[in-house]
file upload16.cif (mmCIF, C-alpha atoms)
data_upload
#
loop_
_atom_site.label_atom_id
_atom_site.label_comp_id
_atom_site.auth_asym_id
_atom_site.auth_seq_id
_atom_site.Cartn_x
_atom_site.Cartn_y
_atom_site.Cartn_z
CA MET A 1 -116.70 -139.86 259.44
CA SER A 2 -114.41 -142.69 258.35
CA ILE A 3 -117.35 -144.28 256.53
CA ALA A 4 -118.15 -141.02 254.83
CA VAL A 5 -114.56 -140.70 253.66
CA SER A 6 -114.50 -144.15 252.16
CA HIS A 7 -117.57 -143.29 250.06
CA GLY A 8 -116.07 -140.01 248.94
CA HIS A 9 -118.59 -139.06 246.28
CA ASP A 10 -121.71 -139.83 248.27
CA ALA A 11 -120.31 -137.97 251.23
CA THR A 12 -119.78 -134.87 249.11
CA LEU A 13 -123.36 -135.06 247.89
CA ILE A 14 -124.85 -135.09 251.39
CA GLY A 15 -122.57 -132.30 252.57
CA LEU A 16 -120.20 -134.47 254.58
CA ASP A 17 -117.19 -133.35 252.61
CA ALA A 18 -114.28 -135.74 252.45
CA GLU A 19 -111.85 -132.85 252.59
CA HIS A 20 -110.65 -133.71 256.08
CA ALA A 21 -108.32 -136.62 255.84
CA GLY A 22 -108.26 -136.92 259.64
CA PRO A 23 -107.94 -134.72 262.67
CA ALA A 24 -106.29 -131.35 262.08
CA SER A 25 -102.57 -131.12 262.69
CA LYS A 26 -101.33 -130.07 266.09
CA ARG A 27 -100.07 -126.76 264.67
CA ILE A 28 -103.57 -125.84 263.50
CA VAL A 29 -105.22 -126.90 266.75
CA THR A 30 -102.68 -125.00 268.87
CA GLY A 31 -102.82 -121.92 266.69
CA PHE A 32 -106.61 -121.87 266.67
CA GLY A 33 -106.79 -122.32 270.43
CA PHE A 34 -104.41 -119.44 270.93
CA TRP A 35 -106.38 -117.35 268.44
CA ILE A 36 -109.45 -117.86 270.64
CA PHE A 37 -107.41 -116.70 273.65
CA ILE A 38 -106.33 -113.57 271.77
CA LEU A 39 -109.92 -112.80 270.83
CA SER A 40 -111.02 -113.15 274.45
CA ASP A 41 -108.16 -110.87 275.43
CA MET A 42 -109.52 -108.34 272.95
CA VAL A 43 -112.96 -108.68 274.52
CA MET A 44 -111.36 -107.87 277.87
CA PHE A 45 -109.67 -104.82 276.37
CA SER A 46 -112.99 -103.74 274.89
CA CYS A 47 -114.37 -103.48 278.44
CA PHE A 48 -111.51 -101.15 279.40
CA PHE A 49 -112.07 -99.15 276.22
CA ALA A 50 -115.76 -98.85 277.04
CA ALA A 51 -114.90 -97.65 280.56
CA TYR A 52 -112.45 -95.10 279.16
CA ALA A 53 -114.94 -93.80 276.59
CA VAL A 54 -117.65 -93.44 279.25
CA LEU A 55 -115.35 -91.73 281.78
CA LEU A 56 -113.52 -89.50 279.29
CA GLY A 57 -115.14 -86.31 280.54
CA GLU A 58 -115.16 -87.17 284.26
CA THR A 59 -112.04 -85.24 285.21
CA ASN A 60 -113.36 -84.05 288.60
CA GLY A 61 -111.83 -80.62 288.05
CA GLY A 62 -108.46 -82.19 287.24
CA PRO A 63 -106.48 -82.11 284.00
CA SER A 64 -108.08 -83.45 280.80
CA GLY A 65 -106.41 -85.46 278.08
CA ALA A 66 -105.71 -82.42 275.94
CA GLU A 67 -103.59 -80.92 278.74
CA LEU A 68 -101.74 -84.14 279.56
CA PHE A 69 -100.97 -86.03 276.37
CA ASN A 70 -97.81 -85.45 274.38
CA LEU A 71 -98.64 -86.66 270.88
CA LYS A 72 -95.00 -86.59 269.76
CA ASN A 73 -94.22 -89.23 272.39
CA VAL A 74 -97.19 -91.29 271.25
CA ALA A 75 -96.01 -91.13 267.63
CA VAL A 76 -92.58 -92.47 268.63
CA GLU A 77 -94.21 -95.25 270.69
CA THR A 78 -96.42 -96.14 267.73
CA ALA A 79 -93.41 -96.30 265.41
CA CYS A 80 -91.52 -98.56 267.86
CA LEU A 81 -94.38 -100.99 268.19
CA LEU A 82 -95.19 -101.05 264.47
CA LEU A 83 -91.58 -101.70 263.48
CA SER A 84 -91.23 -104.36 266.17
CA SER A 85 -94.33 -106.08 264.78
CA PHE A 86 -92.67 -106.01 261.35
CA ALA A 87 -89.44 -107.43 262.79
CA CYS A 88 -91.48 -110.18 264.43
CA GLY A 89 -92.89 -111.00 260.98
CA MET A 90 -89.34 -111.27 259.66
CA ALA A 91 -88.57 -113.67 262.53
CA SER A 92 -91.58 -115.79 261.48
CA ILE A 93 -90.18 -116.06 257.96
CA ALA A 94 -86.70 -116.89 259.30
CA ALA A 95 -88.22 -119.60 261.51
CA GLU A 96 -90.08 -121.11 258.57
CA VAL A 97 -86.93 -121.34 256.46
CA ARG A 98 -84.99 -122.52 259.57
CA ASN A 99 -82.41 -119.74 259.50
CA HIS A 100 -80.93 -119.38 262.99
CA LEU A 101 -78.94 -116.21 262.38
CA TRP A 102 -81.78 -114.17 260.87
CA PHE A 103 -84.21 -115.51 263.45
CA GLN A 104 -82.07 -114.29 266.35
CA ILE A 105 -81.37 -110.93 264.65
CA ALA A 106 -85.04 -110.29 263.92
CA MET A 107 -86.05 -111.32 267.43
CA ALA A 108 -83.38 -109.09 268.97
CA VAL A 109 -84.69 -106.13 266.93
CA THR A 110 -88.24 -106.97 268.02
CA CYS A 111 -87.07 -107.04 271.63
CA VAL A 112 -85.14 -103.75 271.50
CA LEU A 113 -88.07 -101.91 269.89
CA GLY A 114 -90.46 -103.41 272.43
CA LEU A 115 -88.20 -102.29 275.28
CA ALA A 116 -87.95 -98.79 273.77
CA PHE A 117 -91.75 -98.65 273.70
CA LEU A 118 -91.93 -99.71 277.35
CA ALA A 119 -89.28 -97.20 278.40
CA ILE A 120 -91.16 -94.30 276.78
CA GLU A 121 -94.44 -95.44 278.30
CA PHE A 122 -92.92 -95.83 281.76
CA HIS A 123 -91.38 -92.38 281.49
CA GLU A 124 -94.77 -90.94 280.49
CA PHE A 125 -96.52 -92.59 283.45
CA ALA A 126 -93.87 -91.42 285.91
CA ASP A 127 -94.16 -87.89 284.50
CA LEU A 128 -97.96 -87.90 284.89
CA VAL A 129 -97.77 -89.12 288.49
CA ALA A 130 -95.11 -86.50 289.28
CA ARG A 131 -97.41 -83.78 287.92
CA GLY A 132 -100.17 -84.89 290.30
CA ALA A 133 -102.13 -86.64 287.54
CA GLY A 134 -101.85 -90.17 288.91
CA PRO A 135 -104.56 -92.84 288.63
CA SER A 136 -106.27 -91.67 291.83
CA ARG A 137 -106.79 -88.08 290.61
CA SER A 138 -110.02 -88.61 288.65
CA ALA A 139 -112.18 -91.31 287.08
CA PHE A 140 -110.79 -90.30 283.70
CA LEU A 141 -107.21 -90.89 284.84
CA SER A 142 -108.13 -94.20 286.54
CA ALA A 143 -109.59 -95.44 283.27
CA PHE A 144 -106.57 -94.14 281.35
CA PHE A 145 -103.99 -95.85 283.57
CA THR A 146 -105.96 -99.10 283.65
CA LEU A 147 -106.32 -99.31 279.87
CA VAL A 148 -102.84 -98.16 278.81
CA GLY A 149 -101.17 -99.89 281.76
CA CYS A 150 -102.89 -103.17 280.89
CA HIS A 151 -101.51 -102.93 277.37
CA GLY A 152 -98.08 -102.14 278.81
CA LEU A 153 -98.26 -105.22 281.05
CA HIS A 154 -99.09 -107.33 278.01
CA VAL A 155 -96.05 -105.93 276.20
CA SER A 156 -93.85 -106.67 279.25
CA GLY A 157 -95.14 -110.22 279.37
CA GLY A 158 -94.59 -110.50 275.62
CA ILE A 159 -90.95 -109.47 276.01
CA LEU A 160 -90.36 -112.17 278.63
CA TRP A 161 -91.96 -114.67 276.25
CA LEU A 162 -89.81 -113.32 273.39
CA LEU A 163 -86.59 -113.87 275.36
CA THR A 164 -87.75 -117.37 276.26
CA MET A 165 -88.33 -118.12 272.58
CA MET A 166 -84.87 -116.85 271.62
CA ALA A 167 -83.30 -119.05 274.30
CA GLN A 168 -85.38 -122.10 273.36
CA VAL A 169 -84.63 -121.82 269.66
CA PHE A 170 -80.96 -121.33 270.49
CA ALA A 171 -80.84 -124.35 272.81
CA LYS A 172 -83.27 -126.74 271.15
CA GLY A 173 -83.41 -125.62 267.53
CA PHE A 174 -86.48 -125.38 265.30
CA ARG A 175 -88.35 -128.36 266.73
CA ALA A 176 -92.03 -128.72 265.90
CA ASP A 177 -93.14 -127.90 269.46
CA ILE A 178 -90.85 -124.85 269.62
CA LEU A 179 -92.22 -123.64 266.30
CA ARG A 180 -95.78 -124.00 267.63
CA ARG A 181 -94.86 -121.87 270.62
CA PHE A 182 -93.30 -119.32 268.30
CA LEU A 183 -96.46 -119.26 266.15
CA CYS A 184 -98.44 -118.37 269.28
CA PHE A 185 -95.90 -115.75 270.29
CA ALA A 186 -96.06 -114.09 266.86
CA LEU A 187 -99.88 -114.03 267.04
CA PHE A 188 -99.67 -112.45 270.49
CA TRP A 189 -97.17 -109.80 269.43
CA HIS A 190 -99.10 -108.78 266.30
CA ALA A 191 -102.33 -108.69 268.34
CA LEU A 192 -100.71 -106.31 270.83
CA ASP A 193 -99.94 -103.98 267.95
CA ILE A 194 -103.58 -104.12 266.84
CA ILE A 195 -104.67 -103.16 270.35
CA TRP A 196 -102.14 -100.34 270.33
CA VAL A 197 -103.75 -98.98 267.15
CA ALA A 198 -107.00 -98.72 269.09
CA VAL A 199 -105.16 -97.19 272.08
CA PHE A 200 -103.42 -94.40 270.20
CA SER A 201 -106.55 -93.61 268.17
CA VAL A 202 -109.13 -93.68 270.94
CA VAL A 203 -107.10 -92.75 274.02
CA TYR A 204 -104.58 -90.28 272.69
CA LEU A 205 -105.96 -88.80 269.46
CA LEU A 206 -109.65 -88.72 270.46
CA GLY A 207 -108.77 -88.08 274.11
CA SER A 208 -106.76 -84.98 273.33
CA ALA A 209 -109.49 -83.68 271.02
CA VAL A 210 -111.98 -83.58 273.91
CA MET B 1 -111.16 -135.46 244.25
CA SER B 2 -107.46 -135.36 243.44
CA ASP B 3 -104.68 -135.31 245.96
CA VAL B 4 -103.70 -131.74 245.16
CA GLU B 5 -107.23 -130.59 245.73
CA LEU B 6 -107.31 -132.38 249.06
CA ARG B 7 -104.21 -130.61 250.26
CA HIS B 8 -105.53 -127.28 249.07
CA GLN B 9 -108.68 -127.53 251.13
CA THR B 10 -107.18 -128.23 254.54
CA ASP B 11 -107.22 -125.52 257.17
CA LEU B 12 -104.50 -123.04 258.00
CA ALA B 13 -103.42 -122.13 261.51
CA PRO B 14 -104.00 -118.44 262.27
CA GLY B 15 -100.81 -116.59 261.45
CA ASP B 16 -99.69 -119.18 258.89
CA GLU B 17 -99.48 -118.34 255.23
CA GLU B 18 -99.98 -120.54 252.21
CA GLN B 19 -96.71 -121.88 250.84
CA VAL B 20 -95.07 -119.07 248.92
CA SER B 21 -91.48 -117.98 248.44
CA VAL B 22 -89.61 -115.95 251.04
CA LYS B 23 -89.47 -112.97 248.68
CA VAL B 24 -93.25 -112.87 248.34
CA ARG B 25 -93.67 -113.17 252.12
CA VAL B 26 -91.28 -110.33 252.89
CA LEU B 27 -93.06 -108.25 250.27
CA GLY B 28 -96.37 -108.97 252.02
CA TYR B 29 -95.01 -107.71 255.34
CA LEU B 30 -93.50 -104.66 253.60
CA ILE B 31 -96.84 -103.78 251.99
CA GLY B 32 -98.52 -104.16 255.37
CA LEU B 33 -95.90 -101.96 257.02
CA GLY B 34 -96.25 -99.29 254.30
CA LEU B 35 -100.04 -99.21 254.56
CA ALA B 36 -99.89 -99.11 258.36
CA ILE B 37 -97.43 -96.19 258.32
CA LEU B 38 -99.61 -94.35 255.80
CA LEU B 39 -102.77 -94.83 257.89
CA THR B 40 -101.03 -93.93 261.17
CA ALA B 41 -99.51 -90.78 259.68
CA THR B 42 -102.89 -89.79 258.26
CA SER B 43 -104.64 -90.20 261.58
CA PHE B 44 -101.99 -88.20 263.48
CA PHE B 45 -102.22 -85.52 260.77
CA VAL B 46 -106.02 -85.41 260.88
CA ALA B 47 -106.03 -85.14 264.68
CA GLY B 48 -103.88 -82.02 264.70
CA THR B 49 -105.06 -80.16 261.64
CA ASP B 50 -107.61 -77.41 261.14
CA LEU B 51 -107.79 -78.06 257.40
CA VAL B 52 -110.77 -80.40 257.72
CA TRP B 53 -114.25 -79.81 259.09
CA GLN B 54 -113.75 -80.26 262.84
CA PRO B 55 -116.80 -82.47 263.71
CA SER B 56 -115.64 -85.02 261.12
CA ILE B 57 -112.29 -85.59 262.86
CA PRO B 58 -113.40 -88.20 265.47
CA VAL B 59 -115.19 -90.19 262.79
CA ALA B 60 -112.13 -89.99 260.53
CA ILE B 61 -109.83 -91.19 263.32
CA ILE B 62 -112.08 -94.15 264.10
CA VAL B 63 -112.41 -95.11 260.43
CA LEU B 64 -108.63 -94.90 259.97
CA ALA B 65 -108.08 -97.03 263.09
CA ILE B 66 -110.47 -99.72 261.86
CA ALA B 67 -108.78 -99.69 258.45
CA GLN B 68 -105.37 -100.09 260.07
CA MET B 69 -106.56 -102.98 262.22
CA GLY B 70 -107.77 -104.62 259.01
CA VAL B 71 -104.35 -104.10 257.43
CA HIS B 72 -102.67 -105.69 260.44
CA LEU B 73 -105.06 -108.65 260.38
CA VAL B 74 -104.49 -109.34 256.70
CA PHE B 75 -100.77 -108.64 256.26
CA PHE B 76 -99.36 -109.55 259.69
CA LEU B 77 -101.77 -112.11 261.11
CA HIS B 78 -102.69 -113.52 257.68
CA ILE B 79 -106.39 -113.75 258.48
CA THR B 80 -107.86 -113.86 254.99
CA THR B 81 -111.17 -114.78 253.40
CA GLY B 82 -109.77 -117.98 251.87
CA PRO B 83 -111.61 -121.27 252.44
CA ASP B 84 -108.69 -122.58 254.52
CA ASN B 85 -109.19 -119.69 256.95
CA SER B 86 -112.92 -119.89 257.63
CA ASN B 87 -112.54 -121.15 261.23
CA ASN B 88 -110.24 -118.26 262.09
CA VAL B 89 -112.52 -115.72 260.42
CA LEU B 90 -115.62 -117.06 262.18
CA ALA B 91 -113.90 -116.85 265.57
CA LEU B 92 -112.85 -113.30 264.72
CA ALA B 93 -116.40 -112.41 263.70
CA PHE B 94 -117.73 -113.64 267.04
CA GLY B 95 -115.05 -111.72 268.91
CA LEU B 96 -115.91 -108.55 267.00
CA LEU B 97 -119.62 -109.01 267.78
CA ILE B 98 -118.87 -109.10 271.52
CA VAL B 99 -116.48 -106.15 271.27
CA PHE B 100 -119.04 -103.99 269.49
CA LEU B 101 -121.82 -105.02 271.89
CA VAL B 102 -119.69 -104.15 274.91
CA ILE B 103 -118.42 -100.80 273.63
CA GLY B 104 -121.55 -99.68 271.79
CA GLY B 105 -123.86 -100.90 274.56
CA SER B 106 -121.87 -99.18 277.32
CA LEU B 107 -121.73 -95.86 275.47
CA TRP B 108 -125.41 -95.99 274.58
CA ILE B 109 -126.64 -96.91 278.06
CA MET B 110 -124.36 -94.52 279.92
CA ALA B 111 -125.22 -91.60 277.63
CA ASN B 112 -128.89 -92.31 278.23
CA LEU B 113 -128.43 -92.47 282.00
CA ASN B 114 -126.44 -89.26 281.97
CA HIS B 115 -129.12 -87.56 279.91
CA ASN B 116 -131.96 -88.65 282.19
CA MET B 117 -130.22 -87.95 285.48
CA LEU B 118 -130.76 -84.76 287.48
CA PRO B 119 -127.74 -82.47 287.62
CA MET B 120 -125.50 -83.41 290.53
CA ASP B 121 -126.15 -80.26 292.63
CA GLN B 122 -129.91 -80.89 292.57
CA ILE B 123 -129.41 -84.47 293.75
CA MET B 124 -127.30 -83.18 296.61
CA GLN B 125 -130.05 -80.71 297.59
CA MET B 126 -132.71 -83.43 297.57
CA GLN B 127 -130.68 -85.53 299.96
CA ARG B 128 -130.44 -82.79 302.53
#
call {"tool": "encode", "arguments": {"input": "upload16.cif", "output": "structure tokens"}}
result
Amino acid sequence: MSIAVSHGHDATLIGLDAEHAGPASKRIVTGFGFWIFILSDMVMFSCFFAAYAVLLGETNGGPSGAELFNLKNVAVETACLLLSSFACGMASIAAEVRNHLWFQIAMAVTCVLGLAFLAIEFHEFADLVARGAGPSRSAFLSAFFTLVGCHGLHVSGGILWLLTMMAQVFAKGFRADILRRFLCFALFWHALDIIWVAVFSVVYLLGSAV
Amino acid sequence: MSDVELRHQTDLAPGDEEQVSVKVRVLGYLIGLGLAILLTATSFFVAGTDLVWQPSIPVAIIVLAIAQMGVHLVFFLHITTGPDNSNNVLALAFGLLIVFLVIGGSLWIMANLNHNMLPMDQIMQMQR
């Protein structure tokens, strides 16, 4: 490759473009690696979605989605997660312009909205179990709890990561390695919101139509 | 090849934007948020209404969900079609291929099995 670069024009002609001046920066390599992880996480979620779609009607005489789901709750959850994704975007901008105050404010907002989402979801799960519609009631409910619970676990993990990032930026400042970690965190948080879009559409809206 | 051109053609990490002012960036997120709210509201409205032809509702919800995921990818994750993003887009394309194979394949196969299987009470009788 170094030879190709030194003969720039010839290299372009034979397709070995001289556009890469060397190995990609660490930020690009880290970000791309984490992007691959997120995509494989989405593949895992797709398996749970497939299971849910297949088992949607298998209620074993128990309650169906239409009887269980409270769409008003789901709308509030969706709003929380969407706004927290937006706040996370604001934190990304604050990190890029190295503004400590706005970074911590935006991250705190992200955290509070994420916690609100989790609280509503936990309340919903507890309510379902109390009504005798726990994960062991039917194949449909097993698939429901696995899929939505898996997303909830991801959000919980994301909040722990978020708090770690706030502490690290506070203690160590906007160092290059901290910023790389934050890039990965932002990718993760936005990806969770994308998965939630699929969850509220497929699980709740389609599930309550059946 | 000039220096500027060289810099322009390097890759971008997923989630990173090209260098633009803070105002433009915030505006990008605001546009994304607005579109996402619009699409979400539409899909909640469509799910609960009897104003549209009922069999079209599941299709509409799925189309709206895919559109919203696209909005999130472009405005929040900054996955674009630019030349500096081709690695990220190709990885995404492969991920999507697997996702569609898994979901589509499962639904297709299981529907077929269900269709070709005897009703459960007849199976129970045969095993007696």
call {"tool": "closest_atom_pairs", "arguments": {"input": "upload16.cif", "of": "chain B", "to": "chain A", "cutoff": "7 Å", "atoms": "only C-alpha atoms", "output": "CSV"}}
result
residue,atom,partner,partner_atom,distance
B:Leu6,CA,A:Glu19,CA,5.8
B:Gln9,CA,A:Glu19,CA,6.4
B:Thr10,CA,A:His20,CA,6.7
B:Leu12,CA,A:Ile28,CA,6.2
B:Ala13,CA,A:Ile28,CA,4.2
B:Pro14,CA,A:Gly31,CA,5.7
B:Gly15,CA,A:Leu187,CA,6.2
B:Val22,CA,A:Ile93,CA,6.9
B:Tyr29,CA,A:Phe86,CA,6.7
B:Leu33,CA,A:Phe86,CA,6.8
B:Ala47,CA,A:Leu205,CA,6.0
B:Pro58,CA,A:Leu206,CA,6.3
B:Ile61,CA,A:Ser201,CA,6.3
B:Ile62,CA,A:Ser201,CA,6.9
B:Ala65,CA,A:Val197,CA,6.2
B:Met69,CA,A:Ile194,CA,5.6
B:His72,CA,A:Ile194,CA,6.7
B:Phe76,CA,A:His190,CA,6.7
B:Leu77,CA,A:Leu187,CA,6.5
B:Asn88,CA,A:Phe32,CA,6.9
B:Ala91,CA,A:Ile36,CA,6.8
B:Leu92,CA,A:Leu39,CA,6.8
B:Gly95,CA,A:Leu39,CA,5.6
B:Ile98,CA,A:Val43,CA,6.6
B:Val99,CA,A:Val43,CA,5.4
B:Val102,CA,A:Cys47,CA,6.4
B:Ile103,CA,A:Ala50,CA,4.7
B:Ser106,CA,A:Ala50,CA,6.1
B:Leu107,CA,A:Val54,CA,6.1
B:Met110,CA,A:Val54,CA,6.8
call {"tool": "resolve_selection", "arguments": {"input": "upload16.cif", "expression": "the PyMOL selection byres ((chain A and resi 166) around 12)", "output": "tab-separated table (two decimals) with C-alpha atoms, in the coordinates of the input"}}
result
chain	number	residue	atom	x	y	z
A	88	CYS	CA	-91.48	-110.18	264.43
A	91	ALA	CA	-88.57	-113.67	262.53
A	95	ALA	CA	-88.22	-119.60	261.51
A	100	HIS	CA	-80.93	-119.38	262.99
A	101	LEU	CA	-78.94	-116.21	262.38
A	102	TRP	CA	-81.78	-114.17	260.87
A	103	PHE	CA	-84.21	-115.51	263.45
A	104	GLN	CA	-82.07	-114.29	266.35
A	105	ILE	CA	-81.37	-110.93	264.65
A	106	ALA	CA	-85.04	-110.29	263.92
A	107	MET	CA	-86.05	-111.32	267.43
A	108	ALA	CA	-83.38	-109.09	268.97
A	109	VAL	CA	-84.69	-106.13	266.93
A	110	THR	CA	-88.24	-106.97	268.02
A	111	CYS	CA	-87.07	-107.04	271.63
A	159	ILE	CA	-90.95	-109.47	276.01
A	160	LEU	CA	-90.36	-112.17	278.63
A	161	TRP	CA	-91.96	-114.67	276.25
A	162	LEU	CA	-89.81	-113.32	273.39
A	163	LEU	CA	-86.59	-113.87	275.36
A	164	THR	CA	-87.75	-117.37	276.26
A	165	MET	CA	-88.33	-118.12	272.58
A	167	ALA	CA	-83.30	-119.05	274.30
A	168	GLN	CA	-85.38	-122.10	273.36
A	169	VAL	CA	-84.63	-121.82	269.66
A	170	PHE	CA	-80.96	-121.33	270.49
A	171	ALA	CA	-80.84	-124.35	272.81
A	172	LYS	CA	-83.27	-126.74	271.15
A	173	GLY	CA	-83.41	-125.62	267.53
A	174	PHE	CA	-86.48	-125.38	265.30
A	178	ILE	CA	-90.85	-124.85	269.62
A	179	LEU	CA	-92.22	-123.64	266.30
A	181	ARG	CA	-94.86	-121.87	270.62
A	182	PHE	CA	-93.30	-119.32	268.30
A	185	PHE	CA	-95.90	-115.75	270.29
call {"tool": "atom_distance", "arguments": {"input": "upload16.cif", "atom1": "atom CA of Ile31 of chain B", "atom2": "atom CA of Leu73 of chain B"}}
result
12.7 Å
call {"tool": "atom_distance", "arguments": {"input": "upload16.cif", "atom1": "atom CA of Gly57 of chain A", "atom2": "atom CA of Phe140 of chain A"}}
result
6.7 Å
call {"tool": "residues_around", "arguments": {"input": "upload16.cif", "residues": "segment 115-132 of chain A", "least_positions_apart": "4", "cutoff": "9 Å", "atoms": "only C-alpha atoms", "output": "list in words"}}
result
Leu68, Phe69, Asn70, Asn73, Val74, Val76, Glu77, Thr78, Ala79, Cys80, Leu81, Thr110, Cys111, Arg137, Phe145, Val148, Gly149, Gly152, Val155, Ser156 and Ile159 of chain A
call {"tool": "atom_distance", "arguments": {"input": "upload16.cif", "atom1": "atom CA of Ala36 of chain B", "atom2": "atom CA of Gly158 of chain A"}}
result
21.3 Å
call {"tool": "axis_aligned_box", "arguments": {"input": "upload16.cif", "around": "segment 137-147 of chain A", "padding_each_side": "8 Å", "output": "JSON"}}
result
{"center_x": -108.1, "center_y": -93.7, "center_z": 285.2, "size_x": 24.2, "size_y": 27.2, "size_z": 26.7}
call {"tool": "residues_around", "arguments": {"input": "upload16.cif", "residues": "segment 38-46 of chain B", "least_positions_apart": "5", "cutoff": "7 Å", "atoms": "only C-alpha atoms", "output": "number ranges by chain"}}
result
B: 57, 61, 64, 68
call {"tool": "build_atoms", "arguments": {"input": "upload16.cif", "residues": "segment 182-188 of chain A", "atoms": "all heavy atoms", "output": "PDB file, keeping the file's coordinate frame"}}
result
ATOM      1  N   PHE A 182     -93.652-120.573 268.969  1.00  0.00           N
ATOM      2  CA  PHE A 182     -93.300-119.320 268.300  1.00  0.00           C
ATOM      3  C   PHE A 182     -94.485-118.780 267.499  1.00  0.00           C
ATOM      4  O   PHE A 182     -94.708-117.569 267.449  1.00  0.00           O
ATOM      5  CB  PHE A 182     -92.085-119.511 267.395  1.00  0.00           C
ATOM      6  CG  PHE A 182     -91.757-118.252 266.670  1.00  0.00           C
ATOM      7  CD1 PHE A 182     -91.216-117.184 267.360  1.00  0.00           C
ATOM      8  CD2 PHE A 182     -92.045-118.098 265.327  1.00  0.00           C
ATOM      9  CE1 PHE A 182     -90.957-115.992 266.712  1.00  0.00           C
ATOM     10  CE2 PHE A 182     -91.791-116.914 264.685  1.00  0.00           C
ATOM     11  CZ  PHE A 182     -91.237-115.853 265.385  1.00  0.00           C
ATOM     12  N   LEU A 183     -95.259-119.702 266.880  1.00  0.00           N
ATOM     13  CA  LEU A 183     -96.460-119.260 266.150  1.00  0.00           C
ATOM     14  C   LEU A 183     -97.386-118.489 267.100  1.00  0.00           C
ATOM     15  O   LEU A 183     -97.896-117.410 266.769  1.00  0.00           O
ATOM     16  CB  LEU A 183     -97.189-120.477 265.578  1.00  0.00           C
ATOM     17  CG  LEU A 183     -98.566-120.216 264.965  1.00  0.00           C
ATOM     18  CD1 LEU A 183     -98.416-119.539 263.620  1.00  0.00           C
ATOM     19  CD2 LEU A 183     -99.364-121.489 264.817  1.00  0.00           C
ATOM     20  N   CYS A 184     -97.583-119.037 268.301  1.00  0.00           N
ATOM     21  CA  CYS A 184     -98.440-118.370 269.280  1.00  0.00           C
ATOM     22  C   CYS A 184     -97.854-117.033 269.693  1.00  0.00           C
ATOM     23  O   CYS A 184     -98.567-116.036 269.807  1.00  0.00           O
ATOM     24  CB  CYS A 184     -98.639-119.250 270.513  1.00  0.00           C
ATOM     25  SG  CYS A 184     -99.548-120.743 270.166  1.00  0.00           S
ATOM     26  N   PHE A 185     -96.529-117.009 269.899  1.00  0.00           N
ATOM     27  CA  PHE A 185     -95.900-115.750 270.290  1.00  0.00           C
ATOM     28  C   PHE A 185     -96.109-114.684 269.224  1.00  0.00           C
ATOM     29  O   PHE A 185     -96.457-113.536 269.536  1.00  0.00           O
ATOM     30  CB  PHE A 185     -94.402-115.931 270.556  1.00  0.00           C
ATOM     31  CG  PHE A 185     -93.692-114.612 270.617  1.00  0.00           C
ATOM     32  CD1 PHE A 185     -93.837-113.808 271.732  1.00  0.00           C
ATOM     33  CD2 PHE A 185     -92.973-114.138 269.526  1.00  0.00           C
ATOM     34  CE1 PHE A 185     -93.234-112.561 271.775  1.00  0.00           C
ATOM     35  CE2 PHE A 185     -92.381-112.885 269.569  1.00  0.00           C
ATOM     36  CZ  PHE A 185     -92.509-112.093 270.692  1.00  0.00           C
ATOM     37  N   ALA A 186     -95.922-115.072 267.945  1.00  0.00           N
ATOM     38  CA  ALA A 186     -96.060-114.090 266.860  1.00  0.00           C
ATOM     39  C   ALA A 186     -97.494-113.556 266.820  1.00  0.00           C
ATOM     40  O   ALA A 186     -97.726-112.356 266.650  1.00  0.00           O
ATOM     41  CB  ALA A 186     -95.681-114.724 265.527  1.00  0.00           C
ATOM     42  N   LEU A 187     -98.475-114.468 267.004  1.00  0.00           N
ATOM     43  CA  LEU A 187     -99.880-114.030 267.040  1.00  0.00           C
ATOM     44  C   LEU A 187    -100.073-113.001 268.156  1.00  0.00           C
ATOM     45  O   LEU A 187    -100.700-111.961 267.968  1.00  0.00           O
ATOM     46  CB  LEU A 187    -100.801-115.218 267.301  1.00  0.00           C
ATOM     47  CG  LEU A 187    -101.112-116.146 266.141  1.00  0.00           C
ATOM     48  CD1 LEU A 187    -101.889-117.341 266.647  1.00  0.00           C
ATOM     49  CD2 LEU A 187    -101.909-115.410 265.094  1.00  0.00           C
ATOM     50  N   PHE A 188     -99.517-113.318 269.324  1.00  0.00           N
ATOM     51  CA  PHE A 188     -99.670-112.450 270.490  1.00  0.00           C
ATOM     52  C   PHE A 188     -99.065-111.076 270.214  1.00  0.00           C
ATOM     53  O   PHE A 188     -99.694-110.035 270.459  1.00  0.00           O
ATOM     54  CB  PHE A 188     -98.964-113.115 271.683  1.00  0.00           C
ATOM     55  CG  PHE A 188     -99.115-112.400 272.992  1.00  0.00           C
ATOM     56  CD1 PHE A 188    -100.322-112.391 273.656  1.00  0.00           C
ATOM     57  CD2 PHE A 188     -98.034-111.753 273.563  1.00  0.00           C
ATOM     58  CE1 PHE A 188    -100.453-111.745 274.878  1.00  0.00           C
ATOM     59  CE2 PHE A 188     -98.170-111.100 274.781  1.00  0.00           C
ATOM     60  CZ  PHE A 188     -99.391-111.096 275.426  1.00  0.00           C
TER      61      PHE A 188
END
